[in-house]
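K.L.:
Dropping the structure in here first, questions after.
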Amino acid sequence: MQAFLTKEDYTKIYDLLANSTPLCGDCGQLCHAACCNASTASHVEMGIYLYPGEHVMFENTQDAFSWHEQAAQDYDFPPSWHGNIHFLDCNGNCQRANRPLQCRFFPLSAHLTDDDKLQIIFETWDLPYTCPLIEDRMPILPEYIANVYAAYSMLLRDPNIKALIKHDSAERDIDDIYILFSA
């Protein structure tokens, strides 16, 4: 799959989110890092799909992660997605500084309205664990929400990523959406 964002683009996005967290401190302490340890607790294989081109951020981290390519058409991705996508396997030994974007965004996600208005929402996926931030609708730091919004704004310049966010947005039940920020 063609990537439109460069390593420099991804570096800017990673830098924007490097020290940005939903709460003051590591929210993983509330749930004992359930999103990182769910594979061992629930016996469900956990991992993260990387955005198109994001794999360049993991070129020198083979010891920290295992990742492989999968055919986009074999999974629930937009019909416009062809070719291979990168899947990063979670092994519970994540180096926080090297975590992928979806981990940096969690528990938030992007939602695009029918008129392409970007909204930042609590994630709506069915998860094999409970996230107290989502479950209890805990207050999220405003600067974190602003950084997530800025990062998604940059990602949306890639038509493949925009297609993915539109695809995911169309599959959501509008009643399940809890909007944290809308421009």
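Simple scheme: letters A, B, ... for chains in structure tokens order, numbers from 1 for residues in each chain, numbers from 1 for ligands in the order shown.
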Tell me, as a PyMOL selection string, which residues lie within 7 Å of Pro107 in chain A, counting only C-alpha atoms; anything in the same chain fewer than 6 positions away does not count.
P.N.:
chain A and resi 122-123+134
K.L.:
Generate a file of the selected residues that holds C-alpha atoms, formatted as a compact mmCIF listing (two decimals), in the first residue's frame.
P.N.:
# COMPACT_ATOMS: atom_id res chain seq x y z
CA PHE A 122 -13.60 7.74 23.37
CA GLU A 123 -12.74 4.52 21.52
CA ILE A 134 -13.70 4.70 28.84
K.L.:
Where in range 18-159 of chain A does DSSP assign helix (DSSP H, G or I), given as a ChimeraX atom specification?
P.N.:
/A:28-31,34-42,54-58,72-74,96-98,101-105,132-135,142-155,159
K.L.:
Residues at most 12 Å from Ile174 in chain A, counting only C-alpha atoms, excluding those fewer than 3 positions away in the same chain, as a ChimeraX atom specification?
P.N.:
/A:111-114,121,124,168-171,177-179
K.L.:
Between A:Gly47, A:Gln102, A:Val148, A:Asn19, which has the minimum distance to Gln119 in chain A (counting only C-alpha atoms)?
P.N.:
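Of the candidates, the smallest distance to Gln119 in chain A is held by A:Val148.
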K.L.:
Separation of CA of Asp176 in chain A and CA of Ala150 in chain A, in Å?
P.N.:
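Computed distance, CA of Asp176 in chain A to CA of Ala150 in chain A, equals 23.3 Å.
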K.L.:
Can you work out which one of A:Phe58, A:Phe65, A:Tyr49, A:Phe106 has the shortest atom-to-atom distance to Ile85 in chain A, counting only C-alpha atoms?
P.N.:
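Closest to Ile85 in chain A, using only C-alpha atoms: A:Tyr49.
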K.L.:
Taking into account only C-alpha atoms, which residue in the set A:Gly83, A:Pro78, A:Pro139, A:Pro132 is nearest to Met1 in chain A?
P.N.:
A:Gly83
K.L.:
Within 12 Å of His55 in chain A, counting only C-alpha atoms, which residues show up once you throw out same-chain ones fewer than 3 positions away? Write them as a VMD selection string, please.
P.N.:
chain A and resid 1 3 5 to 7 10 to 11 48 to 52 58 to 62 65 to 69 84 to 88 98 to 101
K.L.:
Which one is closest to Phe77 in chain A: A:Arg96, A:Arg104, A:Lys166, A:Arg172? Count only C-alpha atoms.
P.N.:
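For Phe77 in chain A, the nearest of the candidates is A:Lys166.
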K.L.:
Taking the DSSP assignment computed from this structure's backbone, write out as a list in words all residues of chain A that belong to strand (DSSP E).
P.N.:
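DSSP-assigned strand (DSSP E) residues in chain A: Gly47, Ile48, Tyr49, Ser66, Trp67, His68, Glu69, Gln70, Ala71, Asn84, Ile85, His86, Phe87, Leu88, Asp89, Leu108, Ser109, Ala110, His111, Leu112, Leu118, Gln119, Ile120, Ile121, Phe122, Ile179, Leu180, Phe181 and Ser182 of chain A.
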K.L.:
Choose the residue, out of A:Glu143, A:Asp115, A:Asp76, A:Asp158, that has the smallest atom-to-atom separation from Thr21 in chain A; count only C-alpha atoms.
P.N.:
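Of A:Glu143, A:Asp115, A:Asp76, A:Asp158, the one nearest Thr21 in chain A is A:Glu143, counting only C-alpha atoms.
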K.L.:
If you measure from CA of Asp175 in chain A to CA of Trp125 in chain A, what distance in Å do you get, rounded to one decimal?
P.N.:
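These two atoms are separated by 13.4 Å.
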